[in-house]
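Just structure.cif here, mmCIF, C-alpha atoms:
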data_model
#
loop_
_atom_site.group_PDB
_atom_site.id
_atom_site.type_symbol
_atom_site.label_atom_id
_atom_site.label_comp_id
_atom_site.auth_asym_id
_atom_site.auth_seq_id
_atom_site.Cartn_x
_atom_site.Cartn_y
_atom_site.Cartn_z
ATOM 1 C CA MET A 310 -16.973 11.184 -19.921
ATOM 2 C CA ALA A 311 -20.027 12.673 -18.241
ATOM 3 C CA ASP A 312 -20.220 16.422 -17.758
ATOM 4 C CA PRO A 313 -19.494 17.118 -14.051
ATOM 5 C CA LYS A 314 -21.866 20.099 -14.228
ATOM 6 C CA GLN A 315 -24.782 17.897 -15.309
ATOM 7 C CA LYS A 316 -26.700 16.602 -12.308
ATOM 8 C CA ASP A 317 -28.085 13.101 -12.100
ATOM 9 C CA SER A 318 -31.900 13.059 -12.245
ATOM 10 C CA SER A 319 -31.996 11.378 -8.805
ATOM 11 C CA GLU A 320 -30.445 14.530 -7.295
ATOM 12 C CA LEU A 321 -33.084 16.839 -8.758
ATOM 13 C CA PRO A 322 -36.037 18.065 -6.691
ATOM 14 C CA ASP A 323 -39.329 16.266 -7.331
ATOM 15 C CA ASP A 324 -40.869 19.096 -9.386
ATOM 16 C CA ALA A 325 -37.782 19.399 -11.630
ATOM 17 C CA ARG A 326 -37.391 15.648 -12.084
ATOM 18 C CA GLN A 327 -40.668 15.569 -14.023
ATOM 19 C CA LEU A 328 -39.070 17.765 -16.681
ATOM 20 C CA VAL A 329 -36.214 15.343 -17.434
ATOM 21 C CA GLY A 330 -36.781 13.870 -20.889
ATOM 22 C CA PHE A 331 -37.958 15.076 -24.273
ATOM 23 C CA MET A 332 -41.124 16.845 -23.159
ATOM 24 C CA SER A 333 -42.284 18.762 -20.103
ATOM 25 C CA THR A 334 -45.253 17.590 -18.051
ATOM 26 C CA VAL A 335 -47.314 20.472 -19.422
ATOM 27 C CA GLY A 336 -46.392 19.500 -22.990
ATOM 28 C CA TRP A 337 -47.294 15.880 -22.256
ATOM 29 C CA ASP A 338 -50.740 16.871 -20.960
ATOM 30 C CA LYS A 339 -51.333 19.014 -24.059
ATOM 31 C CA LEU A 340 -50.359 16.112 -26.325
ATOM 32 C CA LEU A 341 -52.825 13.789 -24.601
ATOM 33 C CA SER A 342 -55.587 16.374 -24.832
ATOM 34 C CA ARG A 343 -54.959 16.892 -28.534
ATOM 35 C CA VAL A 344 -54.951 13.171 -29.344
ATOM 36 C CA ASN A 345 -58.068 12.661 -27.252
ATOM 37 C CA ALA A 346 -59.837 15.455 -29.174
ATOM 38 C CA GLN A 347 -58.751 13.978 -32.523
ATOM 39 C CA ILE A 348 -60.213 10.578 -31.632
ATOM 40 C CA GLU A 349 -63.483 12.243 -30.616
ATOM 41 C CA GLU A 350 -63.545 13.971 -34.009
ATOM 42 C CA LEU A 351 -63.010 10.640 -35.760
ATOM 43 C CA GLU A 352 -66.018 9.213 -33.912
ATOM 44 C CA GLN A 353 -68.153 11.917 -35.544
ATOM 45 C CA LEU A 354 -67.104 11.094 -39.115
ATOM 46 C CA PRO A 355 -70.184 11.106 -41.388
ATOM 47 C CA LEU A 356 -68.932 8.241 -43.580
ATOM 48 C CA PRO A 357 -69.395 4.939 -41.666
ATOM 49 C CA GLU A 358 -67.113 2.943 -43.970
ATOM 50 C CA VAL A 359 -64.279 5.433 -43.543
ATOM 51 C CA LYS A 360 -64.795 5.550 -39.784
ATOM 52 C CA ASP A 361 -64.785 1.747 -39.527
ATOM 53 C CA LYS A 362 -61.531 1.568 -41.520
ATOM 54 C CA VAL A 363 -59.893 4.204 -39.329
ATOM 55 C CA PHE A 364 -60.850 2.478 -36.102
ATOM 56 C CA GLU A 365 -59.866 -0.892 -37.529
ATOM 57 C CA LEU A 366 -56.408 0.571 -38.138
ATOM 58 C CA LEU A 367 -56.284 2.037 -34.618
ATOM 59 C CA ALA A 368 -57.310 -1.321 -33.169
ATOM 60 C CA GLY A 369 -54.475 -3.026 -35.067
ATOM 61 C CA ILE A 370 -51.920 -0.504 -33.829
ATOM 62 C CA ASP A 371 -53.344 -0.895 -30.333
ATOM 63 C CA ALA A 372 -52.938 -4.691 -30.524
ATOM 64 C CA ILE A 373 -49.289 -4.329 -31.606
ATOM 65 C CA HIS A 374 -48.535 -1.981 -28.720
ATOM 66 C CA ARG A 375 -50.429 -4.107 -26.204
ATOM 67 C CA GLU A 376 -48.618 -7.323 -27.140
ATOM 68 C CA ALA A 377 -45.190 -5.656 -27.137
ATOM 69 C CA LEU A 378 -45.780 -3.959 -23.782
ATOM 70 C CA ARG A 379 -47.059 -7.159 -22.166
ATOM 71 C CA ARG A 380 -43.872 -8.939 -23.268
ATOM 72 C CA LEU A 381 -41.711 -6.052 -22.099
ATOM 73 C CA VAL A 382 -43.312 -5.904 -18.656
ATOM 74 C CA SER A 383 -43.044 -9.689 -18.265
ATOM 75 C CA VAL A 384 -39.219 -9.499 -18.354
ATOM 76 C CA PHE A 385 -38.956 -6.666 -15.810
ATOM 77 C CA LYS A 386 -37.250 -7.574 -12.576
ATOM 78 C CA GLU A 387 -39.311 -7.294 -9.407
ATOM 79 C CA GLY A 388 -39.845 -3.681 -8.415
ATOM 80 C CA VAL A 389 -38.789 -2.184 -11.765
ATOM 81 C CA LEU A 390 -42.306 -1.483 -13.021
ATOM 82 C CA GLU A 391 -43.318 0.112 -9.722
ATOM 83 C CA LYS A 392 -40.355 2.470 -10.063
ATOM 84 C CA VAL A 393 -40.670 3.454 -13.712
ATOM 85 C CA VAL A 394 -44.393 4.244 -13.510
ATOM 86 C CA GLU A 395 -43.514 7.212 -11.299
ATOM 87 C CA ASP A 396 -42.749 8.974 -14.576
ATOM 88 C CA PRO A 397 -45.989 10.609 -15.797
ATOM 89 C CA ALA A 398 -45.581 9.523 -19.437
ATOM 90 C CA ILE A 399 -44.824 5.897 -18.546
ATOM 91 C CA HIS A 400 -47.640 5.909 -15.994
ATOM 92 C CA THR A 401 -50.108 7.052 -18.674
ATOM 93 C CA LEU A 402 -48.925 4.380 -21.117
ATOM 94 C CA MET A 403 -49.182 1.547 -18.581
ATOM 95 C CA GLU A 404 -52.576 2.801 -17.416
ATOM 96 C CA LEU A 405 -53.826 2.920 -21.007
ATOM 97 C CA TYR A 406 -52.965 -0.771 -21.456
ATOM 98 C CA ASP A 407 -54.086 -1.843 -17.959
ATOM 99 C CA LEU A 408 -50.541 -2.799 -16.931
ATOM 100 C CA LEU A 409 -50.204 -0.706 -13.780
ATOM 101 C CA PRO A 410 -49.186 -2.645 -10.660
ATOM 102 C CA PRO A 411 -51.965 -2.522 -8.022
ATOM 103 C CA GLU A 412 -49.998 -0.259 -5.684
ATOM 104 C CA ALA A 413 -49.461 2.267 -8.494
ATOM 105 C CA GLU A 414 -53.094 2.608 -9.550
ATOM 106 C CA GLU A 415 -53.503 5.499 -7.140
ATOM 107 C CA VAL A 416 -50.430 7.717 -7.274
ATOM 108 C CA PRO A 417 -49.744 11.076 -5.648
ATOM 109 C CA GLU A 418 -50.275 14.189 -7.766
ATOM 110 C CA ALA A 419 -46.561 14.967 -7.454
ATOM 111 C CA ALA A 420 -45.755 11.835 -9.457
ATOM 112 C CA VAL A 421 -47.997 12.578 -12.412
ATOM 113 C CA GLY A 422 -48.304 16.350 -12.446
ATOM 114 C CA LYS A 423 -51.241 18.498 -11.487
ATOM 115 C CA ASN A 424 -53.684 16.705 -13.739
ATOM 116 C CA LYS A 425 -54.354 12.987 -13.918
ATOM 117 C CA PRO A 426 -53.290 11.625 -17.357
ATOM 118 C CA ILE A 427 -56.098 11.479 -19.906
ATOM 119 C CA ASN A 428 -57.167 8.012 -20.975
ATOM 120 C CA ILE A 429 -57.212 7.775 -24.776
ATOM 121 C CA PRO A 430 -60.410 5.872 -25.695
ATOM 122 C CA ILE A 431 -59.118 3.666 -28.520
ATOM 123 C CA GLN A 432 -61.272 0.790 -27.306
ATOM 124 C CA VAL A 433 -64.929 1.509 -26.613
ATOM 125 C CA ALA A 434 -66.213 -0.121 -23.447
ATOM 126 C CA SER A 435 -69.912 -0.543 -22.715
ATOM 127 C CA THR A 436 -71.329 0.964 -19.529
ATOM 128 C CA PRO A 437 -72.207 -1.728 -16.948
ATOM 129 C CA ALA A 438 -75.761 -1.965 -15.718
ATOM 130 C CA PRO A 439 -76.503 -0.283 -12.371
ATOM 131 C CA GLY A 440 -75.482 -2.427 -9.431
ATOM 132 C CA LYS A 441 -73.133 -4.585 -11.510
ATOM 133 C CA ALA A 442 -69.352 -4.450 -11.329
ATOM 134 C CA PRO A 443 -67.631 -3.551 -14.612
ATOM 135 C CA ALA A 444 -66.376 -6.543 -16.567
ATOM 136 C CA ARG A 445 -62.651 -7.260 -16.619
ATOM 137 C CA PRO A 446 -61.054 -5.757 -19.739
ATOM 138 C CA ARG A 447 -60.383 -8.333 -22.465
ATOM 139 C CA TYR A 448 -57.103 -8.270 -24.353
ATOM 140 C CA PRO A 449 -57.155 -11.034 -26.986
ATOM 141 C CA HIS A 450 -53.750 -12.650 -27.530
ATOM 142 C CA TRP A 451 -52.173 -16.013 -28.387
ATOM 143 C CA VAL A 452 -49.868 -17.778 -25.924
ATOM 144 C CA PRO A 453 -47.596 -20.763 -26.828
ATOM 145 C CA VAL A 454 -48.263 -23.740 -24.541
ATOM 146 C CA LEU A 455 -46.329 -26.489 -26.357
ATOM 147 C CA LYS A 456 -43.088 -26.046 -28.280
ATOM 148 C CA ALA A 457 -44.189 -28.902 -30.525
ATOM 149 C CA GLY A 458 -47.410 -30.846 -30.868
ATOM 150 C CA SER A 459 -45.365 -34.030 -30.520
ATOM 151 C CA ASP A 460 -44.604 -33.041 -26.915
ATOM 152 C CA LEU A 461 -48.077 -34.318 -26.026
ATOM 153 C CA ALA A 462 -49.002 -37.869 -27.038
ATOM 154 C CA PRO A 463 -52.455 -38.644 -28.465
ATOM 155 C CA GLY A 464 -54.877 -39.401 -25.635
ATOM 156 C CA ALA A 465 -52.807 -37.443 -23.086
ATOM 157 C CA VAL A 466 -53.477 -34.251 -21.158
ATOM 158 C CA LYS A 467 -51.167 -31.614 -19.728
ATOM 159 C CA GLU A 468 -51.898 -28.786 -17.308
ATOM 160 C CA VAL A 469 -50.168 -25.471 -18.022
ATOM 161 C CA GLU A 470 -50.366 -22.036 -16.446
ATOM 162 C CA VAL A 471 -51.187 -19.150 -18.781
ATOM 163 C CA ASP A 472 -51.729 -15.602 -17.517
ATOM 164 C CA ALA A 473 -52.262 -16.919 -13.967
ATOM 165 C CA GLN A 474 -54.885 -19.393 -15.256
ATOM 166 C CA ARG A 475 -54.628 -23.188 -15.090
ATOM 167 C CA ILE A 476 -55.432 -24.591 -18.514
ATOM 168 C CA LEU A 477 -55.645 -28.236 -19.532
ATOM 169 C CA ILE A 478 -54.292 -29.149 -22.969
ATOM 170 C CA CYS A 479 -55.817 -32.324 -24.425
ATOM 171 C CA ARG A 480 -54.845 -34.195 -27.565
ATOM 172 C CA VAL A 481 -57.231 -36.413 -29.509
ATOM 173 C CA ASP A 482 -55.480 -37.910 -32.543
ATOM 174 C CA ASP A 483 -53.978 -34.824 -34.233
ATOM 175 C CA ASP A 484 -56.429 -32.337 -32.704
ATOM 176 C CA PHE A 485 -55.703 -30.221 -29.640
ATOM 177 C CA PHE A 486 -58.220 -28.793 -27.169
ATOM 178 C CA ALA A 487 -57.824 -26.387 -24.262
ATOM 179 C CA LEU A 488 -60.094 -26.157 -21.233
ATOM 180 C CA ALA A 489 -59.984 -24.532 -17.843
ATOM 181 C CA SER A 490 -58.341 -27.043 -15.500
ATOM 182 C CA ARG A 491 -61.102 -26.613 -12.955
ATOM 183 C CA CYS A 492 -63.897 -29.068 -12.248
ATOM 184 C CA ALA A 493 -67.311 -27.410 -12.390
ATOM 185 C CA GLN A 494 -68.267 -29.022 -9.080
ATOM 186 C CA ASP A 495 -65.635 -27.518 -6.781
ATOM 187 C CA GLY A 496 -62.827 -26.074 -8.882
ATOM 188 C CA ALA A 497 -60.492 -29.037 -8.328
ATOM 189 C CA SER A 498 -57.588 -29.400 -10.762
ATOM 190 C CA LEU A 499 -58.042 -31.694 -13.751
ATOM 191 C CA ALA A 500 -54.306 -32.268 -14.223
ATOM 192 C CA LEU A 501 -54.685 -36.002 -13.476
ATOM 193 C CA ALA A 502 -57.847 -36.464 -15.522
ATOM 194 C CA GLY A 503 -58.128 -39.368 -17.939
ATOM 195 C CA LEU A 504 -59.003 -38.910 -21.600
ATOM 196 C CA SER A 505 -60.952 -41.379 -23.725
ATOM 197 C CA ARG A 506 -61.452 -39.917 -27.176
ATOM 198 C CA TYR A 507 -63.379 -36.671 -26.521
ATOM 199 C CA THR A 508 -64.432 -37.600 -23.000
ATOM 200 C CA LEU A 509 -62.504 -36.217 -20.027
ATOM 201 C CA ASN A 510 -62.838 -38.142 -16.761
ATOM 202 C CA CYS A 511 -62.529 -35.976 -13.631
ATOM 203 C CA PRO A 512 -60.120 -37.681 -11.191
ATOM 204 C CA HIS A 513 -61.907 -36.347 -8.105
ATOM 205 C CA HIS A 514 -65.585 -37.118 -8.654
ATOM 206 C CA ARG A 515 -67.134 -40.407 -9.684
ATOM 207 C CA GLY A 516 -69.262 -40.169 -12.803
ATOM 208 C CA CYS A 517 -68.031 -36.666 -13.651
ATOM 209 C CA TYR A 518 -67.235 -36.430 -17.371
ATOM 210 C CA TYR A 519 -66.720 -33.549 -19.803
ATOM 211 C CA ASP A 520 -66.707 -33.189 -23.577
ATOM 212 C CA VAL A 521 -63.329 -31.573 -24.385
ATOM 213 C CA ARG A 522 -64.714 -30.106 -27.623
ATOM 214 C CA GLN A 523 -67.117 -27.771 -25.853
ATOM 215 C CA GLY A 524 -66.570 -28.090 -22.090
ATOM 216 C CA THR A 525 -70.050 -29.384 -21.290
ATOM 217 C CA ARG A 526 -70.542 -31.921 -18.542
ATOM 218 C CA ILE A 527 -71.907 -35.220 -19.826
ATOM 219 C CA ALA A 528 -75.156 -36.300 -18.155
ATOM 220 C CA GLY A 529 -74.804 -33.654 -15.471
ATOM 221 C CA LYS A 530 -75.039 -29.966 -14.692
ATOM 222 C CA GLY A 531 -72.172 -27.536 -15.136
ATOM 223 C CA GLU A 532 -69.511 -26.818 -17.698
ATOM 224 C CA ILE A 533 -65.932 -25.577 -17.911
ATOM 225 C CA ASP A 534 -64.530 -22.805 -20.078
ATOM 226 C CA CYS A 535 -62.864 -23.656 -23.364
ATOM 227 C CA TYR A 536 -60.195 -21.733 -25.266
ATOM 228 C CA PRO A 537 -59.370 -21.494 -28.976
ATOM 229 C CA VAL A 538 -56.321 -23.527 -30.019
ATOM 230 C CA ARG A 539 -54.003 -22.977 -32.962
ATOM 231 C CA HIS A 540 -51.443 -25.508 -34.234
ATOM 232 C CA GLU A 541 -48.739 -23.624 -36.143
ATOM 233 C CA ASP A 542 -46.801 -24.906 -39.156
ATOM 234 C CA ASP A 543 -43.617 -24.871 -37.037
ATOM 235 C CA GLY A 544 -45.240 -27.342 -34.632
ATOM 236 C CA ARG A 545 -46.083 -24.973 -31.809
ATOM 237 C CA VAL A 546 -49.468 -25.156 -30.102
ATOM 238 C CA LEU A 547 -50.967 -21.836 -28.978
ATOM 239 C CA VAL A 548 -53.970 -21.027 -26.825
ATOM 240 C CA GLY A 549 -56.123 -17.926 -27.360
ATOM 241 C CA ILE A 550 -56.728 -15.902 -24.209
ATOM 242 C CA ASP A 551 -59.635 -13.447 -23.895
ATOM 243 C CA MET A 552 -61.053 -14.661 -27.202
ATOM 244 C CA ASP A 553 -64.519 -15.889 -28.109
ATOM 245 C CA PHE A 554 -64.707 -19.675 -28.364
ATOM 246 C CA THR A 555 -66.778 -21.554 -30.937
ATOM 247 C CA PRO A 556 -66.845 -25.366 -30.602
ATOM 248 C CA ASP A 557 -65.932 -27.315 -33.731
ATOM 249 C CA LEU A 558 -68.481 -30.119 -33.707
ATOM 250 C CA PRO A 559 -69.401 -32.482 -36.554
ATOM 251 C CA ALA A 560 -72.642 -31.755 -38.415
ATOM 252 C CA PHE A 561 -74.948 -34.756 -38.642
#
Can you present the structure in this file as structure tokens?
Amino acid sequence: MADPKQKDSSELPDDARQLVGFMSTVGWDKLLSRVNAQIEELEQLPLPEVKDKVFELLAGIDAIHREALRRLVSVFKEGVLEKVVEDPAIHTLMELYDLLPPEAEEVPEAAVGKNKPINIPIQVASTPAPGKAPARPRYPHWVPVLKAGSDLAPGAVKEVEVDAQRILICRVDDDFFALASRCAQDGASLALAGLSRYTLNCPHHRGCYYDVRQGTRIAGKGEIDCYPVRHEDDGRVLVGIDMDFTPDLPAF
């Protein structure tokens, strides 16, 4: 039975509510500052091999956290994320992994303490050239698009939505290919496109063909993005998002 003397956090004043938890706001800010300083020290390590190993480890830990948080946020009910990011620690975590909802990107000082949370620079981002907008952050990850390869017959295509992107899955014999489902001419969907071996026939434009192995338009200008594909031993087909793509073409 709850202690009647213990107040619910919703009844506390705004300044006291920030102290509910395992650490005060001041302690949280000190922790971030200390970790930030430690990472800066690591960047100054004189031994390049040691430094590379350390940052390789940090990148692996970062990837584990990023994948887990993305999955966690995806199951939140509508409005839950906007509410929980009012907590300064949660706000910092979601900001670090670029998971803040748009309306929470700029929050009042009362919600995060006197100082804006420090961003821990685990991933090094290059500075954009003057006059150019910064590139969208890339978070490489694999997403299942077919429960089994047998769900798509050879010579067939299927449009799926992955991370708000329309992607076309194509099967040629036992090989799978993934391309942006967007014609280079006007962005029209390729969901109804025909497939003849490695040639994709756009259903909207006469004489518009693409090579599914590399996304290039055949005998024409323009191309469409391609994505890495992985066919797992359990039958699943996964598409790599925010990953570099290298076409697998035969060598003659």
To one decimal place, how far is CA of Tyr519 in chain A from CA of Tyr448 in chain A in Å?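 If I compute the distance from CA of Tyr519 in chain A to CA of Tyr448 in chain A, I get 27.4 Å.
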Pairwise distance for CA of Arg545 in chain A and CA of Ala500 in chain A, rounded to one decimal in Å: 20.7 Å
Point out the residue among A:Leu501, A:Leu366, A:Cys492, A:Val454 with the least atom-to-atom distance to Gly531 in chain A, counting all atoms listed in the file.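 Residue with the minimum atom-to-atom distance to Gly531 in chain A: A:Cys492.
Of note, CA of Cys511 in chain A and CA of Ala497 in chain A are spaced 9.0 Å apart.
Proximity of A:Pro410, A:Gly503, A:Pro559, A:Pro512 to Val393 in chain A, computed with only C-alpha atoms, is greatest for A:Pro410.
Distance annotation: of A:Ser505, A:Pro449, A:Gly549, A:Phe554, the residue with the minimal separation from Gly369 in chain A is A:Pro449; atom set is only C-alpha atoms.
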Residue with smallest distance to Lys467 in chain A - pool A:Ala489, A:Val359, A:Leu558, A:Asp371, counting only C-alpha atoms: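 Smallest distance to Lys467 in chain A is found for A:Ala489.
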Run the PyMOL selection byres ((chain A and resi 491) around 9) on the file and write out the hits as an NGL selection string. :A and (475-477 or 488-490 or 492-500 or 533-534)
Show which residues sit within 12 Å of Met552 in chain A, as number ranges by chain. Count all atoms listed in the file, and ignore same-chain residues fewer than 2 positions away. A: 446-452, 534-538, 548-550, 554-555
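Run against this file, the PyMOL selection byres ((chain A and resi 378-391) around 10) gives back A:Ala372, A:Ile373, A:His374, A:Arg375, A:Glu376, A:Ala377, A:Lys392, A:Val393, A:Val394, A:Glu395, A:Ile399, A:His400, A:Leu402, A:Met403, A:Tyr406, A:Asp407, A:Leu408, A:Leu409, A:Pro410, A:Pro411, A:Glu412, A:Ala413.
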Residue members of the PyMOL selection byres ((chain A and resi 482) around 8) in the file shown, as an mmCIF file with C-alpha atoms, in the frame of the given file:
data_model
loop_
_atom_site.group_PDB
_atom_site.id
_atom_site.type_symbol
_atom_site.label_atom_id
_atom_site.label_comp_id
_atom_site.auth_asym_id
_atom_site.auth_seq_id
_atom_site.Cartn_x
_atom_site.Cartn_y
_atom_site.Cartn_z
ATOM 1 C CA PRO A 463 -52.455 -38.644 -28.465
ATOM 2 C CA GLY A 464 -54.877 -39.401 -25.635
ATOM 3 C CA ARG A 480 -54.845 -34.195 -27.565
ATOM 4 C CA VAL A 481 -57.231 -36.413 -29.509
ATOM 5 C CA ASP A 483 -53.978 -34.824 -34.233
ATOM 6 C CA ASP A 484 -56.429 -32.337 -32.704
#
Restricting the calculation to only C-alpha atoms, which member of A:Val521, A:Leu509, A:Cys479, A:Ala462 is positioned closest to Asp557 in chain A? A:Val521
Some atoms are absent from range 332-353 of chain A, so rebuild N, CA and C atoms and return them as a compact mmCIF listing (two decimals), in the frame of the given file.
# COMPACT_ATOMS: atom_id res chain seq x y z
N MET A 332 -39.95 16.00 -23.20
CA MET A 332 -41.12 16.84 -23.16
C MET A 332 -41.47 17.17 -21.71
N SER A 333 -41.89 18.39 -21.45
CA SER A 333 -42.28 18.76 -20.10
C SER A 333 -43.63 18.13 -19.76
N THR A 334 -43.97 18.13 -18.47
CA THR A 334 -45.25 17.59 -18.05
C THR A 334 -46.41 18.34 -18.69
N VAL A 335 -46.27 19.67 -18.79
CA VAL A 335 -47.31 20.47 -19.42
C VAL A 335 -47.47 20.08 -20.90
N GLY A 336 -46.34 19.91 -21.59
CA GLY A 336 -46.39 19.50 -22.99
C GLY A 336 -47.02 18.13 -23.15
N TRP A 337 -46.72 17.23 -22.21
CA TRP A 337 -47.29 15.88 -22.26
C TRP A 337 -48.81 15.94 -22.11
N ASP A 338 -49.30 16.73 -21.16
CA ASP A 338 -50.74 16.87 -20.96
C ASP A 338 -51.42 17.45 -22.20
N LYS A 339 -50.77 18.43 -22.85
CA LYS A 339 -51.33 19.01 -24.06
C LYS A 339 -51.41 17.99 -25.19
N LEU A 340 -50.37 17.15 -25.29
CA LEU A 340 -50.36 16.11 -26.32
C LEU A 340 -51.52 15.15 -26.12
N LEU A 341 -51.73 14.71 -24.89
CA LEU A 341 -52.82 13.79 -24.60
C LEU A 341 -54.17 14.42 -24.93
N SER A 342 -54.32 15.68 -24.56
CA SER A 342 -55.59 16.37 -24.83
C SER A 342 -55.85 16.47 -26.33
N ARG A 343 -54.80 16.76 -27.10
CA ARG A 343 -54.96 16.89 -28.53
C ARG A 343 -55.33 15.56 -29.18
N VAL A 344 -54.65 14.49 -28.78
CA VAL A 344 -54.95 13.17 -29.34
C VAL A 344 -56.37 12.74 -28.96
N ASN A 345 -56.73 13.01 -27.71
CA ASN A 345 -58.07 12.66 -27.25
C ASN A 345 -59.12 13.39 -28.09
N ALA A 346 -58.90 14.67 -28.37
CA ALA A 346 -59.84 15.46 -29.17
C ALA A 346 -59.91 14.92 -30.60
N GLN A 347 -58.77 14.51 -31.16
CA GLN A 347 -58.75 13.98 -32.52
C GLN A 347 -59.56 12.68 -32.63
N ILE A 348 -59.45 11.83 -31.61
CA ILE A 348 -60.21 10.58 -31.63
C ILE A 348 -61.71 10.87 -31.52
N GLU A 349 -62.07 11.86 -30.71
CA GLU A 349 -63.48 12.24 -30.62
C GLU A 349 -63.99 12.77 -31.95
N GLU A 350 -63.15 13.49 -32.69
CA GLU A 350 -63.54 13.97 -34.01
C GLU A 350 -63.75 12.81 -34.98
N LEU A 351 -62.88 11.80 -34.89
CA LEU A 351 -63.01 10.64 -35.76
C LEU A 351 -64.33 9.92 -35.50
N GLU A 352 -64.77 9.89 -34.24
CA GLU A 352 -66.02 9.21 -33.91
C GLU A 352 -67.22 9.90 -34.55
N GLN A 353 -67.05 11.16 -34.94
CA GLN A 353 -68.15 11.92 -35.54
C GLN A 353 -68.10 11.92 -37.07
